[in-house]
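K.L.:
What follows is query-v1.cif, made up of mmCIF, C-alpha atoms:
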data_my_file
loop_
_atom_site.label_atom_id
_atom_site.label_comp_id
_atom_site.auth_asym_id
_atom_site.auth_seq_id
_atom_site.Cartn_x
_atom_site.Cartn_y
_atom_site.Cartn_z
CA MET A 99 -41.91 -23.41 9.22
CA THR A 100 -41.08 -25.38 12.34
CA ALA A 101 -40.72 -23.50 15.61
CA PRO A 102 -37.37 -23.93 17.34
CA ASP A 103 -37.37 -26.43 20.16
CA PHE A 104 -37.32 -24.38 23.36
CA TYR A 105 -35.55 -27.06 25.36
CA SER A 106 -32.85 -27.55 22.73
CA GLU A 107 -32.17 -23.81 22.74
CA LEU A 108 -32.09 -23.78 26.53
CA ARG A 109 -29.69 -26.71 26.60
CA ALA A 110 -27.39 -25.02 24.07
CA LEU A 111 -27.39 -21.80 26.09
CA ARG A 112 -26.65 -23.70 29.30
CA LEU A 113 -23.76 -25.54 27.61
CA GLU A 114 -22.31 -22.25 26.32
CA ARG A 115 -22.41 -20.82 29.85
CA VAL A 116 -20.68 -23.91 31.20
CA LEU A 117 -17.99 -23.79 28.52
CA ASP A 118 -17.47 -20.03 28.96
CA ALA A 119 -17.08 -20.48 32.72
CA SER A 120 -14.67 -23.37 32.16
CA VAL A 121 -12.49 -21.30 29.82
CA GLU A 122 -12.46 -18.45 32.38
CA ILE A 123 -11.22 -20.83 35.07
CA ILE A 124 -8.64 -22.43 32.80
CA THR A 125 -7.44 -18.99 31.70
CA ASP A 126 -7.31 -17.59 35.23
CA ARG A 127 -6.01 -20.55 37.20
CA GLY A 128 -5.28 -23.45 34.87
CA TRP A 129 -6.80 -26.83 34.14
CA ASP A 130 -5.78 -28.29 37.49
CA ALA A 131 -7.87 -25.62 39.26
CA LEU A 132 -10.98 -26.45 37.28
CA SER A 133 -13.58 -28.16 39.44
CA MET A 134 -17.19 -28.92 38.68
CA THR A 135 -18.17 -26.93 41.77
CA GLU A 136 -16.36 -23.83 40.52
CA VAL A 137 -17.82 -24.23 37.02
CA ALA A 138 -21.30 -24.50 38.54
CA LYS A 139 -20.75 -21.32 40.59
CA ARG A 140 -19.40 -19.29 37.68
CA SER A 141 -21.93 -20.49 35.14
CA GLY A 142 -24.99 -20.40 37.36
CA VAL A 143 -25.81 -23.96 36.30
CA PRO A 144 -26.53 -26.30 39.23
CA ARG A 145 -23.84 -28.91 39.78
CA GLN A 146 -26.19 -31.82 39.21
CA SER A 147 -27.27 -30.30 35.90
CA LEU A 148 -23.65 -29.76 35.03
CA TYR A 149 -22.85 -33.44 35.47
CA LYS A 150 -25.95 -34.36 33.49
CA GLU A 151 -25.04 -31.89 30.73
CA VAL A 152 -21.34 -32.68 30.25
CA GLY A 153 -20.51 -35.68 32.39
CA THR A 154 -17.11 -35.88 34.01
CA ARG A 155 -14.42 -33.23 34.31
CA THR A 156 -12.51 -34.96 31.50
CA GLU A 157 -15.58 -34.87 29.27
CA LEU A 158 -15.96 -31.18 30.12
CA GLY A 159 -12.36 -30.64 29.02
CA ARG A 160 -13.07 -32.43 25.77
CA ALA A 161 -16.15 -30.22 25.23
CA VAL A 162 -14.00 -27.11 25.77
CA VAL A 163 -11.42 -28.40 23.28
CA ASP A 164 -14.11 -29.30 20.74
CA ARG A 165 -15.69 -25.86 20.96
CA GLU A 166 -12.36 -24.10 20.57
CA VAL A 167 -11.40 -26.32 17.63
CA GLY A 168 -14.77 -25.45 16.10
CA ARG A 169 -13.96 -21.76 16.41
CA PHE A 170 -10.66 -22.25 14.64
CA LEU A 171 -12.37 -24.29 11.92
CA GLU A 172 -14.79 -21.39 11.37
CA GLN A 173 -11.72 -19.38 10.35
CA VAL A 174 -10.78 -22.11 7.88
CA SER A 175 -14.27 -22.14 6.36
CA SER A 176 -14.29 -18.35 6.09
CA GLY A 177 -10.92 -18.37 4.36
CA PHE A 178 -12.07 -20.82 1.71
CA ALA A 179 -15.43 -19.09 1.32
CA ALA A 180 -13.67 -15.79 0.63
CA HIS A 181 -11.76 -17.37 -2.28
CA PRO A 182 -14.01 -19.96 -3.94
CA ASP A 183 -12.15 -19.79 -7.26
CA SER A 184 -8.60 -20.08 -5.96
CA PHE A 185 -7.49 -23.03 -3.89
CA GLU A 186 -4.15 -21.41 -3.05
CA ASP A 187 -5.73 -18.11 -1.97
CA GLY A 188 -8.30 -20.03 0.07
CA ILE A 189 -5.55 -21.93 1.89
CA SER A 190 -3.67 -18.70 2.56
CA ALA A 191 -6.76 -16.97 3.93
CA ALA A 192 -7.62 -20.00 6.05
CA VAL A 193 -4.12 -20.25 7.50
CA ARG A 194 -4.05 -16.49 8.18
CA GLY A 195 -7.44 -16.64 9.89
CA VAL A 196 -6.39 -19.53 12.11
CA LEU A 197 -3.08 -17.93 13.10
CA GLU A 198 -4.61 -14.52 13.79
CA HIS A 199 -7.42 -16.10 15.81
CA GLY A 200 -4.81 -18.07 17.74
CA ARG A 201 -2.93 -14.93 18.70
CA SER A 202 -6.00 -13.66 20.58
CA ASN A 203 -7.49 -16.95 21.82
CA ALA A 204 -7.40 -16.98 25.64
CA ALA A 205 -7.99 -20.72 25.94
CA LEU A 206 -5.06 -21.54 23.65
CA ALA A 207 -2.83 -19.07 25.48
CA ALA A 208 -3.72 -20.68 28.82
CA VAL A 209 -3.00 -24.18 27.56
CA LEU A 210 0.36 -23.13 26.11
CA ARG A 211 1.46 -20.82 28.94
CA PRO A 212 4.88 -21.93 30.24
CA GLY A 213 4.79 -23.34 33.73
CA HIS A 214 1.08 -24.04 33.57
CA ASP A 215 -0.27 -27.46 34.31
CA SER A 216 -0.13 -29.76 31.36
CA GLY A 217 -3.39 -31.68 31.87
CA LEU A 218 -5.37 -29.97 29.14
CA LEU A 219 -2.37 -29.82 26.82
CA ALA A 220 -1.99 -33.58 27.19
CA MET A 221 -5.69 -34.00 26.41
CA VAL A 222 -5.17 -32.05 23.19
CA THR A 223 -1.91 -33.64 22.08
CA VAL A 224 -2.17 -37.26 23.23
CA ASN A 225 -5.44 -37.91 21.41
CA PRO A 226 -4.77 -37.20 17.72
CA ASP A 227 -8.48 -36.81 16.97
CA ALA A 228 -8.89 -33.99 19.48
CA VAL A 229 -7.35 -31.39 17.18
CA LEU A 230 -5.34 -32.90 14.34
CA GLY A 231 -8.02 -35.36 13.28
CA GLN A 232 -10.83 -32.81 13.38
CA ALA A 233 -8.77 -30.22 11.52
CA SER A 234 -7.61 -32.65 8.84
CA ALA A 235 -11.12 -33.96 8.26
CA ALA A 236 -12.58 -30.45 8.04
CA VAL A 237 -9.92 -29.14 5.67
CA GLY A 238 -10.11 -32.31 3.59
CA ALA A 239 -13.88 -31.89 3.25
CA LEU A 240 -13.49 -28.24 2.26
CA VAL A 241 -10.86 -28.85 -0.40
CA GLY A 242 -12.35 -32.06 -1.77
CA ASP A 243 -10.41 -33.34 -4.76
CA ARG A 244 -8.52 -30.06 -5.26
CA ALA A 245 -5.70 -31.30 -2.99
CA SER A 246 -4.17 -34.60 -2.04
CA GLU A 247 -4.49 -36.06 1.42
CA ALA A 248 -0.73 -35.55 1.82
CA LEU A 249 -1.02 -31.83 1.06
CA VAL A 250 -3.91 -31.40 3.48
CA ASP A 251 -1.93 -33.21 6.17
CA CYS A 252 1.12 -30.99 5.59
CA VAL A 253 -0.88 -27.76 5.66
CA VAL A 254 -2.75 -28.74 8.82
CA ARG A 255 0.41 -29.86 10.61
CA LEU A 256 2.38 -26.77 9.59
CA THR A 257 -0.45 -24.48 10.63
CA LEU A 258 -0.76 -26.21 14.00
CA SER A 259 2.99 -25.95 14.46
CA HIS A 260 2.97 -22.20 13.79
CA LEU A 261 -0.08 -21.88 16.03
CA VAL A 262 1.36 -23.58 19.10
CA GLN A 263 5.00 -22.56 18.68
CA PRO A 264 5.06 -19.25 16.83
CA THR A 265 8.62 -18.37 15.87
CA VAL A 266 7.74 -15.91 13.11
CA ASP A 267 4.94 -13.41 12.59
CA VAL A 268 1.69 -14.38 10.90
CA ASP A 269 2.71 -12.95 7.50
CA GLU A 270 5.92 -14.99 7.42
CA ALA A 271 4.14 -18.16 8.58
CA VAL A 272 1.50 -17.77 5.86
CA ASP A 273 4.22 -17.14 3.28
CA ARG A 274 6.09 -20.28 4.32
CA ILE A 275 2.96 -22.43 4.13
CA ASP A 276 2.07 -20.86 0.77
CA ARG A 277 5.45 -21.94 -0.59
CA VAL A 278 4.83 -25.51 0.54
CA VAL A 279 1.36 -25.54 -1.05
CA ARG A 280 2.67 -24.19 -4.35
CA SER A 281 5.55 -26.70 -4.40
CA PHE A 282 3.05 -29.59 -4.26
CA GLU A 283 1.66 -28.72 -7.67
#
Starting from the file, lay out its structure as structure tokens.
P.N.:
Amino acid sequence: MTAPDFYSELRALRLERVLDASVEIITDRGWDALSMTEVAKRSGVPRQSLYKEVGTRTELGRAVVDREVGRFLEQVSSGFAAHPDSFEDGISAAVRGVLEHGRSNAALAAVLRPGHDSGLLAMVTVNPDAVLGQASAAVGALVGDRASEALVDCVVRLTLSHLVQPTVDVDEAVDRIDRVVRSFE
């Protein structure tokens, strides 16, 4: 058995602190208020180390987005894992997990809050790989040949739509997406 690399663990912990502090700032005061100095103060990571760890403010924003997307994709994986024998039930559980997680996700709420600066929202929406690409690739890998690329694209786009502009409750959104999935068969 190989011992864990101390410095890799330390680096991962430092990055988590930096990302947590960044989300706190974005949630409290918005993306425009995020400065490397403030992140350094809140995280306890020296500013020079912060630049070395994440690079520029834009790269820090991308790291925040990537981590949050990863958390949403954990919900997708859990949904499919809970229903290994039923593609449709796996999709439903994945969609439900994503939408429920979205209802309580502070970073998403801050990005979508009306009247808030749009810098981080633009970072998420202008670059299709930031969210849509990652989500489509992850779902596509999970479903394999059980669904067409077109179906995966539809499910991901519909889920993202219900996530960022919820007009119905989670149960109704899941039901609507279920109907689309079943109509593809």
K.L.:
Which is closest to A:Leu197 among A:Glu166, A:Asp269, A:Asp130, A:Glu136, if we use all atoms listed in the file?
P.N.:
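Nearest to A:Leu197: A:Asp269.
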K.L.:
Just want the 12 Å neighbourhood of A:Arg140, counted on all atoms listed in the file, with same-chain residues fewer than 2 positions away dropped. Output as a compact mmCIF listing (two decimals) with C-alpha atoms, in the frame of the given file.
P.N.:
# COMPACT_ATOMS: atom_id res chain seq x y z
CA ARG A 112 -26.65 -23.70 29.30
CA ARG A 115 -22.41 -20.82 29.85
CA VAL A 116 -20.68 -23.91 31.20
CA LEU A 117 -17.99 -23.79 28.52
CA ASP A 118 -17.47 -20.03 28.96
CA ALA A 119 -17.08 -20.48 32.72
CA SER A 120 -14.67 -23.37 32.16
CA VAL A 121 -12.49 -21.30 29.82
CA GLU A 122 -12.46 -18.45 32.38
CA ILE A 123 -11.22 -20.83 35.07
CA LEU A 132 -10.98 -26.45 37.28
CA SER A 133 -13.58 -28.16 39.44
CA MET A 134 -17.19 -28.92 38.68
CA THR A 135 -18.17 -26.93 41.77
CA GLU A 136 -16.36 -23.83 40.52
CA VAL A 137 -17.82 -24.23 37.02
CA ALA A 138 -21.30 -24.50 38.54
CA GLY A 142 -24.99 -20.40 37.36
CA VAL A 143 -25.81 -23.96 36.30
CA PRO A 144 -26.53 -26.30 39.23
CA ARG A 145 -23.84 -28.91 39.78
CA LEU A 148 -23.65 -29.76 35.03
K.L.:
Give me the residues within 12 Å of A:Gly238 as a ChimeraX atom specification, counting all atoms listed in the file and dropping any in the same chain fewer than 3 places off.
P.N.:
/A:171,174-175,178,189,230-235,241-254
K.L.:
For A:Met221, please output as a PDB file with C-alpha atoms, keeping the file's coordinate frame all residues within 12 Å (counting all atoms listed in the file; exclusion window: fewer than 3 positions along the same chain).
P.N.:
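Written file, around-v7.pdb:
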ATOM      1  CA  TRP A 129      -6.800 -26.830  34.140  1.00  0.00           C
ATOM      2  CA  ARG A 155     -14.420 -33.230  34.310  1.00  0.00           C
ATOM      3  CA  THR A 156     -12.510 -34.960  31.500  1.00  0.00           C
ATOM      4  CA  GLU A 157     -15.580 -34.870  29.270  1.00  0.00           C
ATOM      5  CA  LEU A 158     -15.960 -31.180  30.120  1.00  0.00           C
ATOM      6  CA  GLY A 159     -12.360 -30.640  29.020  1.00  0.00           C
ATOM      7  CA  ARG A 160     -13.070 -32.430  25.770  1.00  0.00           C
ATOM      8  CA  ALA A 161     -16.150 -30.220  25.230  1.00  0.00           C
ATOM      9  CA  VAL A 162     -14.000 -27.110  25.770  1.00  0.00           C
ATOM     10  CA  VAL A 163     -11.420 -28.400  23.280  1.00  0.00           C
ATOM     11  CA  ASP A 164     -14.110 -29.300  20.740  1.00  0.00           C
ATOM     12  CA  VAL A 209      -3.000 -24.180  27.560  1.00  0.00           C
ATOM     13  CA  ASP A 215      -0.270 -27.460  34.310  1.00  0.00           C
ATOM     14  CA  SER A 216      -0.130 -29.760  31.360  1.00  0.00           C
ATOM     15  CA  GLY A 217      -3.390 -31.680  31.870  1.00  0.00           C
ATOM     16  CA  LEU A 218      -5.370 -29.970  29.140  1.00  0.00           C
ATOM     17  CA  VAL A 224      -2.170 -37.260  23.230  1.00  0.00           C
ATOM     18  CA  ASN A 225      -5.440 -37.910  21.410  1.00  0.00           C
ATOM     19  CA  PRO A 226      -4.770 -37.200  17.720  1.00  0.00           C
ATOM     20  CA  ASP A 227      -8.480 -36.810  16.970  1.00  0.00           C
ATOM     21  CA  ALA A 228      -8.890 -33.990  19.480  1.00  0.00           C
ATOM     22  CA  VAL A 229      -7.350 -31.390  17.180  1.00  0.00           C
TER      23      VAL A 229
END
K.L.:
Measuring atom to atom with only C-alpha atoms, identify which of A:Ser259, A:Val278, A:Gly195, A:Asp273 is nearest to A:Ala180.
P.N.:
A:Gly195
K.L.:
Please report the interatomic distance between atom CA of A:Ser281 and atom CA of A:Phe170 in Å with one decimal.
P.N.:
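Here the two named atoms are 25.4 Å from each other.
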K.L.:
If you take every atom of stretch 193-208 of chain A that the file lists and fit an axis-aligned box around them with 6 Å extra on each side, what centre and edge lengths come out in Å to one decimal, as lines of an AutoDock Vina configuration file?
P.N.:
center_x = -5.4
center_y = -17.6
center_z = 18.2
size_x = 17.2
size_y = 19.9
size_z = 33.3
K.L.:
Quick one, how far is atom CA of A:Val272 from atom CA of A:Val193?
P.N.:
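Going from atom CA of A:Val272 over to atom CA of A:Val193 covers 6.4 Å.
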K.L.:
For the atom pair atom CA of A:Asp267 and atom CA of A:His181, what is the interatomic distance in Å to one decimal place?
P.N.:
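Atom-to-atom, atom CA of A:Asp267 and atom CA of A:His181 are spaced 22.7 Å apart.
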K.L.:
Counting all atoms listed in the file, which of A:Thr257, A:Ser106, A:Ser176, A:Asn203 gets nearest to A:Ile275?
P.N.:
A:Thr257
K.L.:
Given all atoms listed in the file as the basis, pick out the residue of A:Val262, A:Leu111, A:Val152, A:Leu256 nearest to A:Arg211.
P.N.:
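With all atoms listed in the file as the atom set, the closest residue is A:Val262.
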K.L.:
Compare A:Gly153, A:His199, A:Leu240, A:Leu219 by their minimum atom-to-atom distance to A:Pro182, counting all atoms listed in the file, and give me the closest one.
P.N.:
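The answer is A:Leu240, which sits nearest to A:Pro182.
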